[in-house]
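Okay, structure first, notes after.
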Amino acid sequence: MNDRKLTDIRNTPRLLSARGALKALRSVRLALTLLVVMAAILIVGTVIRNQSKAQRYIYHHWWFISLLSLLCLNLFLCVASRWSLKLRKLGSTSTHAGVLVLAVGVGIGAIWGESGYVQLHVGRATGTCYDDKGRPITLPFEVRLDDFKVERYAASTAREALVVHLMKERMTRAFPIAVGKQFEVPGTPYRVAILRYEPDFVILGKGTYGSRSRSPNNPAIQVRVVNGSQNHTQWVFQKFPGMHQSGNSEIRLDYKRMELGGRIKDYKSRLQVIQGGKVVASKTIEVNKPLKYRGYAIYQSSYDRFREAWSGLEIAKDPGVQLVYLGFLFISGGVLFSFYVRPILTGKGRVQPSRLAVNVETKEE
Amino acid sequence: MSATRLFFTTAELAYLTAALAFAVYYGSGKRALRMVAISLLLVAALSQTLFVGWRWVEGGRPPFANSFETLIFFSLAIAVTCIVVELLYSPKGVGAGGALLALLALAYANLFDWGIEPLMPALQNNLWLTLHVIFCFVSYASFAVSYVVALIFLLKHPGTLRKVAAFVTSFSVVGLVGGLVYGFGRKMEMFSRLGGWATAAVIAGGVVAAGLISVPLVSILNARGVTRERKGGVLSSLVSKTVAFGFPFLTLGIITGAVWANVAWGRYWGWDPKETWSLITWVVYALFLHVRFSGGWLGMKAKSLPQLQAILSVVGFLFVLFTYFGVNYLLSGLHTYAG
């Protein structure tokens, strides 16, 4: 009776299915299925307009992370069952192992990493930043903002502009409304001069114009466009952009309310890191140039666009980032070796009609 | 005429005449015409290289910061890939298709402002900007050529696949040329003057016109024997080769983008729509490279795998186009400056 039971257990479909499950888990078929499913989910994720919702319900949700983990397990079993340091498989092994190293790095970062944001006014210090759900993160040091400045490409403050579109040159340039001034359009033979400004344009009589009032109810400017020996004069209206355009199809003038010269060149924060009452690090940070201190990095993230009173800092610690970079290195080396180096070494660089393709062609002809 | 305008116009004319020379060569079989066409592609590529170099010096920064500049580089990369493919494998139809794609990229570039704008703070890293954009667009160009080869490969198969390929070819021509017509209409502010119904009529007219161009194009390809390549397997193999060439560049493009994001923002991946779509595109091409190991999957016969790879190449390039353009205009994210 007992013997019969043992035999039954050995031959149960459960054991067979466990072996089958392992086989399925390390199959390329599962990898391809998971990749297709993952691509479909990612497409859905990008369609969601509110990206923070997409992060919460898809990318950072347990079911999506489980799917990624299953893909990693599948990849691990694939690599473990097929790995080889032979020339033929070296690139493939390196690429797939790189993805696994990358995944481990991402996992370490997700578990032990920290990332938060804080807004600091000049002269203030803080030892706390806040994650994307608004939860406080206590830092092992204080960050003090000594100075903050925004650099711009040009210092003009004009808010109204004459906008010149040169159709042939496919160029648009804006100039401040300065009556009596002439501007050259750089790189072209054109010059524009603003002759008159009327805040509330009205036709007084034949060929005479003026303003109905001093209020800017119908602002208009009279502009002369000079191109070598040719020139013409026209009125340009802020509220009626298409009106009275000249017959010249190469140039179009617009009178717009806009910010001029306000384009941001850079924004910089002079920071001090204070630990135990002492300044342990200091640096003027800007985008692309963070301050690094004991595993933490402080990035210039944003700033107060209205009053330029505060600086927005991203403070991150990611103990997995070195592994992530190592993964990148393995992947890059692997794909380069597989697709560029190996074909040269094995002499498979030239197009060889594949057997499969030849079958198709032969049948066709 | 300024120097950059001269280089640009030269490239446009050279692509157009190269495409015509290739078309006449496919019809007549005169090999001298093929060499003329390749030389014209070289002239176009050289003009564009000068354009890029000139702009780099003039702007004092790498000219890869917006749609106008990347389209120019994309067009140049397509031309170079086409020249290499033509010289090594001389497959019929690819030269003309590639020249037309490169020309189309330049035509799209015309929709954007030529002015050299200063870089926004996040882009002010010449090393990563240059590496990231060059890697991405070399891969896109390779996938573009693969797409042309795949369509020609599919067009030569009898039955459903040929019909699907003919439809995709027509769809591509309608989409790309129709989009261009629409873009120029918007740029010239035609639509705001026309009103709702007239705008719809113009857009519909553009689409129909592009459709009318595509039907004879497919017929010519069939009638002139372009789609009846006698060298068995060269096309299917070339689909794989061009994807295999582009895939490492796409990988490096995504990786350099991730490293740059970590340097600038403190995170290497943020599920930004552009990042996510580049990953989706990478997955599609990874599938392309893996399907050959999955014999019998979905009951597919081994001889059908080249067709499946060709279909994946076509789908992959449509994903590339969406990653490049679609994301900029339809989805918001950190890469909106690329528009």
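Residues are referred to by chain and number: the chain letter is A, B, ... according to the order shown in the structure tokens, the number counts from 1 in that chain, and ligands are numbered separately from 1 in the order shown.
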
For the strand (DSSP E or B) assignment from backbone DSSP, which residues of region 182-364 of chain A qualify? Please present them as a VMD selection string. chain A and resid 182 to 184 190 to 198 200 to 205 208 to 211 218 220 to 227 230 to 237 251 to 257 264 to 275 278 to 286 289 291 to 293 296 to 303 310 to 317

Take the residues that were just selected and, keeping C-alpha atoms, output them as a compact mmCIF listing (two decimals), in the first residue's frame.
# COMPACT_ATOMS: atom_id res chain seq x y z
CA GLN A 182 15.94 100.79 -37.04
CA PHE A 183 16.92 97.12 -36.63
CA GLU A 184 18.91 94.85 -38.89
CA TYR A 190 16.44 93.20 -44.38
CA ARG A 191 16.13 96.16 -42.01
CA VAL A 192 12.99 97.18 -40.16
CA ALA A 193 12.24 100.60 -38.69
CA ILE A 194 9.34 101.45 -36.37
CA LEU A 195 8.08 104.87 -37.47
CA ARG A 196 4.98 105.44 -35.33
CA TYR A 197 2.99 103.94 -32.49
CA GLU A 198 -0.73 104.53 -31.96
CA ASP A 200 -5.91 103.27 -30.08
CA PHE A 201 -5.58 103.41 -33.86
CA VAL A 202 -8.18 105.30 -35.88
CA ILE A 203 -8.37 106.67 -39.44
CA LEU A 204 -8.89 110.43 -39.15
CA GLY A 205 -9.15 111.17 -42.85
CA THR A 208 -4.16 110.59 -41.89
CA TYR A 209 -4.12 108.41 -38.80
CA GLY A 210 -4.13 108.92 -35.06
CA SER A 211 -5.39 107.60 -31.74
CA ASN A 218 -6.25 99.06 -30.69
CA ALA A 220 -0.77 99.63 -34.00
CA ILE A 221 2.72 100.40 -35.27
CA GLN A 222 3.84 101.81 -38.58
CA VAL A 223 6.84 99.85 -39.88
CA ARG A 224 9.17 100.45 -42.77
CA VAL A 225 10.82 97.38 -44.27
CA VAL A 226 14.02 98.03 -46.21
CA ASN A 227 15.64 95.49 -48.51
CA GLN A 230 13.55 98.61 -52.09
CA ASN A 231 11.38 99.63 -49.20
CA HIS A 232 7.74 99.70 -48.19
CA THR A 233 5.76 101.02 -45.24
CA GLN A 234 2.79 99.38 -43.57
CA TRP A 235 0.65 99.44 -40.43
CA VAL A 236 0.79 96.36 -38.19
CA PHE A 237 -2.04 95.77 -35.72
CA ILE A 251 8.18 88.76 -45.27
CA ARG A 252 5.40 88.85 -42.73
CA LEU A 253 5.15 91.20 -39.77
CA ASP A 254 3.35 90.64 -36.48
CA TYR A 255 2.91 92.92 -33.50
CA LYS A 256 2.76 90.71 -30.43
CA ARG A 257 2.71 90.91 -26.68
CA ILE A 264 16.96 81.15 -19.19
CA LYS A 265 20.64 80.43 -19.72
CA ASP A 266 21.27 78.79 -16.40
CA TYR A 267 20.26 78.80 -12.77
CA LYS A 268 22.81 78.32 -10.03
CA SER A 269 22.68 77.67 -6.31
CA ARG A 270 25.62 78.14 -3.97
CA LEU A 271 25.24 75.38 -1.39
CA GLN A 272 26.88 74.40 1.86
CA VAL A 273 26.55 70.97 3.44
CA ILE A 274 26.68 71.22 7.22
CA GLN A 275 27.27 68.25 9.51
CA LYS A 278 30.76 72.25 10.49
CA VAL A 279 30.72 72.97 6.78
CA VAL A 280 31.80 69.66 5.25
CA ALA A 281 31.18 70.44 1.57
CA SER A 282 30.27 73.41 -0.60
CA LYS A 283 29.71 73.96 -4.28
CA THR A 284 27.82 76.13 -6.72
CA ILE A 285 25.53 73.67 -8.42
CA GLU A 286 23.67 74.01 -11.73
CA LYS A 289 26.62 69.83 -12.24
CA LEU A 291 27.09 68.42 -5.49
CA LYS A 292 28.07 64.96 -4.23
CA TYR A 293 28.62 64.11 -0.59
CA TYR A 296 24.13 61.69 -1.67
CA ALA A 297 23.91 63.95 -4.71
CA ILE A 298 22.18 67.34 -4.69
CA TYR A 299 20.84 68.48 -8.05
CA GLN A 300 19.60 71.82 -9.30
CA SER A 301 16.04 70.89 -10.16
CA SER A 302 13.83 73.99 -10.44
CA TYR A 303 13.37 77.54 -9.19
CA TRP A 310 13.70 80.03 -3.93
CA SER A 311 15.73 77.25 -5.48
CA GLY A 312 14.33 73.73 -6.00
CA LEU A 313 16.76 70.94 -5.09
CA GLU A 314 16.54 67.24 -5.80
CA ILE A 315 18.45 65.21 -3.19
CA ALA A 316 19.10 61.58 -4.06
CA LYS A 317 20.99 58.62 -2.68

Quick check: residues of chain B within 6 Å of chain A, only C-alpha atoms, returned as JSON, numbers by chain. {"B": [113, 114, 115, 121, 122, 232, 233, 234, 248, 263, 264, 273, 280, 303]}

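When the distance limit is 12 Å and only C-alpha atoms are what count, the residues near Thr9 (chain B), minus those fewer than 2 positions from it on the same chain, are Lys168 and Glu169 of chain A; Met1, Ser2, Ala3, Thr4, Arg5, Leu6, Phe7, Ala11, Glu12, Leu13, Ala14, Tyr15, Leu16, Val43, Ala44, Ser47, Gln48, Phe51, Leu103, Leu106, Ala107 and Asn110 of chain B.
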
Write a file of the selected residues as a PDB file, in the first residue's frame, keeping N, CA and C atoms.
ATOM      1  N   LYS A 168      11.417  82.905 -46.816  1.00  0.00           N
ATOM      2  CA  LYS A 168      12.445  82.222 -47.609  1.00  0.00           C
ATOM      3  C   LYS A 168      13.544  81.664 -46.709  1.00  0.00           C
ATOM      4  N   GLU A 169      13.925  82.504 -45.740  1.00  0.00           N
ATOM      5  CA  GLU A 169      15.015  82.107 -44.840  1.00  0.00           C
ATOM      6  C   GLU A 169      14.521  81.198 -43.719  1.00  0.00           C
TER       7      GLU A 169
ATOM      8  N   MET B   1      22.532  84.196 -51.315  1.00  0.00           N
ATOM      9  CA  MET B   1      22.187  82.954 -50.612  1.00  0.00           C
ATOM     10  C   MET B   1      23.269  82.622 -49.580  1.00  0.00           C
ATOM     11  N   SER B   2      22.840  82.375 -48.363  1.00  0.00           N
ATOM     12  CA  SER B   2      23.828  82.070 -47.322  1.00  0.00           C
ATOM     13  C   SER B   2      24.411  80.671 -47.557  1.00  0.00           C
ATOM     14  N   ALA B   3      25.573  80.417 -46.903  1.00  0.00           N
ATOM     15  CA  ALA B   3      26.267  79.134 -47.121  1.00  0.00           C
ATOM     16  C   ALA B   3      25.388  77.956 -46.693  1.00  0.00           C
ATOM     17  N   THR B   4      24.725  78.107 -45.538  1.00  0.00           N
ATOM     18  CA  THR B   4      23.916  76.981 -45.047  1.00  0.00           C
ATOM     19  C   THR B   4      22.751  76.703 -45.991  1.00  0.00           C
ATOM     20  N   ARG B   5      22.143  77.775 -46.525  1.00  0.00           N
ATOM     21  CA  ARG B   5      21.032  77.608 -47.476  1.00  0.00           C
ATOM     22  C   ARG B   5      21.539  76.878 -48.741  1.00  0.00           C
ATOM     23  N   LEU B   6      22.765  77.242 -49.169  1.00  0.00           N
ATOM     24  CA  LEU B   6      23.352  76.613 -50.358  1.00  0.00           C
ATOM     25  C   LEU B   6      23.550  75.109 -50.128  1.00  0.00           C
ATOM     26  N   PHE B   7      24.118  74.748 -48.961  1.00  0.00           N
ATOM     27  CA  PHE B   7      24.340  73.327 -48.654  1.00  0.00           C
ATOM     28  C   PHE B   7      23.003  72.579 -48.605  1.00  0.00           C
ATOM     29  N   ALA B  11      21.716  69.632 -51.157  1.00  0.00           N
ATOM     30  CA  ALA B  11      21.345  68.291 -50.664  1.00  0.00           C
ATOM     31  C   ALA B  11      19.953  67.907 -51.154  1.00  0.00           C
ATOM     32  N   GLU B  12      19.007  68.849 -51.080  1.00  0.00           N
ATOM     33  CA  GLU B  12      17.631  68.561 -51.536  1.00  0.00           C
ATOM     34  C   GLU B  12      17.627  68.135 -53.007  1.00  0.00           C
ATOM     35  N   LEU B  13      18.309  68.939 -53.839  1.00  0.00           N
ATOM     36  CA  LEU B  13      18.330  68.642 -55.286  1.00  0.00           C
ATOM     37  C   LEU B  13      19.036  67.320 -55.555  1.00  0.00           C
ATOM     38  N   ALA B  14      20.134  67.085 -54.825  1.00  0.00           N
ATOM     39  CA  ALA B  14      20.909  65.852 -55.037  1.00  0.00           C
ATOM     40  C   ALA B  14      20.076  64.620 -54.675  1.00  0.00           C
ATOM     41  N   TYR B  15      19.310  64.692 -53.583  1.00  0.00           N
ATOM     42  CA  TYR B  15      18.455  63.548 -53.206  1.00  0.00           C
ATOM     43  C   TYR B  15      17.398  63.294 -54.271  1.00  0.00           C
ATOM     44  N   LEU B  16      16.796  64.392 -54.756  1.00  0.00           N
ATOM     45  CA  LEU B  16      15.720  64.254 -55.749  1.00  0.00           C
ATOM     46  C   LEU B  16      16.260  63.611 -57.025  1.00  0.00           C
ATOM     47  N   VAL B  43      27.184  63.423 -52.866  1.00  0.00           N
ATOM     48  CA  VAL B  43      27.164  64.896 -52.904  1.00  0.00           C
ATOM     49  C   VAL B  43      26.209  65.419 -51.828  1.00  0.00           C
ATOM     50  N   ALA B  44      25.028  64.783 -51.750  1.00  0.00           N
ATOM     51  CA  ALA B  44      24.032  65.211 -50.751  1.00  0.00           C
ATOM     52  C   ALA B  44      24.593  65.051 -49.340  1.00  0.00           C
ATOM     53  N   SER B  47      27.204  67.675 -48.641  1.00  0.00           N
ATOM     54  CA  SER B  47      26.585  68.999 -48.420  1.00  0.00           C
ATOM     55  C   SER B  47      26.003  69.085 -47.019  1.00  0.00           C
ATOM     56  N   GLN B  48      25.352  68.013 -46.611  1.00  0.00           N
ATOM     57  CA  GLN B  48      24.740  68.035 -45.275  1.00  0.00           C
ATOM     58  C   GLN B  48      25.784  68.022 -44.175  1.00  0.00           C
ATOM     59  N   PHE B  51      26.821  71.412 -43.870  1.00  0.00           N
ATOM     60  CA  PHE B  51      25.756  72.160 -43.197  1.00  0.00           C
ATOM     61  C   PHE B  51      25.864  71.993 -41.677  1.00  0.00           C
ATOM     62  N   LEU B 103      15.176  62.832 -48.423  1.00  0.00           N
ATOM     63  CA  LEU B 103      14.593  64.071 -48.950  1.00  0.00           C
ATOM     64  C   LEU B 103      13.390  64.488 -48.106  1.00  0.00           C
ATOM     65  N   LEU B 106      14.406  66.137 -44.963  1.00  0.00           N
ATOM     66  CA  LEU B 106      14.784  67.539 -45.190  1.00  0.00           C
ATOM     67  C   LEU B 106      13.541  68.405 -45.379  1.00  0.00           C
ATOM     68  N   ALA B 107      12.544  67.854 -46.122  1.00  0.00           N
ATOM     69  CA  ALA B 107      11.304  68.608 -46.347  1.00  0.00           C
ATOM     70  C   ALA B 107      10.616  68.896 -45.014  1.00  0.00           C
ATOM     71  N   ASN B 110      12.125  71.712 -43.142  1.00  0.00           N
ATOM     72  CA  ASN B 110      11.701  73.022 -43.617  1.00  0.00           C
ATOM     73  C   ASN B 110      10.526  73.598 -42.833  1.00  0.00           C
TER      74      ASN B 110
END

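One finds CA of Val84 (chain B) at 22.8 Å from CA of Ser28 (chain B).
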
Taking only C-alpha atoms into account, which of B:Leu289, B:Leu131, B:Ala204, B:Ile38 comes nearest Leu87 (chain B)? B:Ile38

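Interatomic distance, CA of Gln322 (chain A) against CA of Asn262 (chain B): 11.7 Å.
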
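Here the question is which of B:Ser90, B:Asn125, B:Thr70, B:Thr49 gets nearest to Ala141 (chain B) using only C-alpha atoms, and that residue is B:Thr70.
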
Leaving out Val133 (chain B) and any residue of its chain fewer than 6 positions from it, which residues lie within 10 Å of it when counting only C-alpha atoms, given as an mmCIF file with C-alpha atoms, in the first residue's frame?
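Once everything was written out, this is around.cif:
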data_model
loop_
_atom_site.group_PDB
_atom_site.id
_atom_site.type_symbol
_atom_site.label_atom_id
_atom_site.label_comp_id
_atom_site.auth_asym_id
_atom_site.auth_seq_id
_atom_site.Cartn_x
_atom_site.Cartn_y
_atom_site.Cartn_z
ATOM 1 C CA PRO B 62 26.526 70.758 -31.230
ATOM 2 C CA PRO B 63 23.650 71.217 -33.715
ATOM 3 C CA PHE B 64 21.488 68.431 -32.281
ATOM 4 C CA ALA B 65 19.164 70.326 -29.961
ATOM 5 C CA THR B 70 17.972 66.316 -35.616
ATOM 6 C CA PHE B 73 21.279 64.694 -39.027
ATOM 7 C CA PHE B 74 18.677 61.932 -39.510
ATOM 8 C CA SER B 139 20.107 53.668 -35.224
ATOM 9 C CA GLY B 253 21.509 55.888 -27.345
ATOM 10 C CA ILE B 254 19.195 54.804 -24.529
ATOM 11 C CA THR B 256 23.795 57.510 -22.812
ATOM 12 C CA GLY B 257 20.391 59.162 -22.319
#

Using only C-alpha atoms, find each residue in region 100-157 of chain B having at least one atom no more than 10 Å away from region 242-245 of chain B; report its shortest atom-to-atom pair and that distance in Å (one decimal), rows by chain then rising number, as CSV.
residue,atom,partner,partner_atom,distance
B:Val138,CA,B:Phe245,CA,9.3
B:Ser139,CA,B:Phe245,CA,7.5
B:Tyr140,CA,B:Val243,CA,9.7
B:Ala141,CA,B:Thr242,CA,9.4
B:Ser142,CA,B:Thr242,CA,5.6
B:Phe143,CA,B:Val243,CA,5.9
B:Ala144,CA,B:Thr242,CA,8.9
B:Val145,CA,B:Thr242,CA,7.1
B:Ser146,CA,B:Thr242,CA,5.4
B:Tyr147,CA,B:Thr242,CA,9.1
B:Val149,CA,B:Thr242,CA,9.0

Those same residues - C-alpha atoms - I'd like them written as a PDB file, in the first residue's frame.
ATOM      1  CA  VAL B 138      22.340  56.487 -36.503  1.00  0.00           C
ATOM      2  CA  SER B 139      20.107  53.668 -35.224  1.00  0.00           C
ATOM      3  CA  TYR B 140      16.946  55.368 -36.545  1.00  0.00           C
ATOM      4  CA  ALA B 141      18.575  55.729 -39.975  1.00  0.00           C
ATOM      5  CA  SER B 142      19.570  52.087 -40.005  1.00  0.00           C
ATOM      6  CA  PHE B 143      16.028  51.070 -39.056  1.00  0.00           C
ATOM      7  CA  ALA B 144      14.667  53.376 -41.787  1.00  0.00           C
ATOM      8  CA  VAL B 145      16.743  51.581 -44.410  1.00  0.00           C
ATOM      9  CA  SER B 146      15.718  48.231 -42.913  1.00  0.00           C
ATOM     10  CA  TYR B 147      12.092  49.346 -43.222  1.00  0.00           C
ATOM     11  CA  VAL B 149      14.266  46.739 -47.502  1.00  0.00           C
TER      12      VAL B 149
END

Shell around His96 (chain A) at 10 Å using only C-alpha atoms, local window under 4 positions removed, as number ranges by chain: A: 72, 75-76, 78-79, 83, 91-92, 100-102, 327, 330-331, 334-335

Taken to one decimal, the CA of Phe141 (chain A)-CA of His121 (chain A) distance is 17.5 Å

Based on DSSP run over this structure's backbone, return all residues of region 42-180 of chain A in alpha helix (DSSP H), as a PyMOL selection string. chain A and resi 42-47+51-54+62-82+87-112

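Closest approach to Ala21 (chain B) from the set B:Leu71, B:Ala96, B:Ser240, B:Pro91 is made by B:Ala96, with distances taken over only C-alpha atoms.
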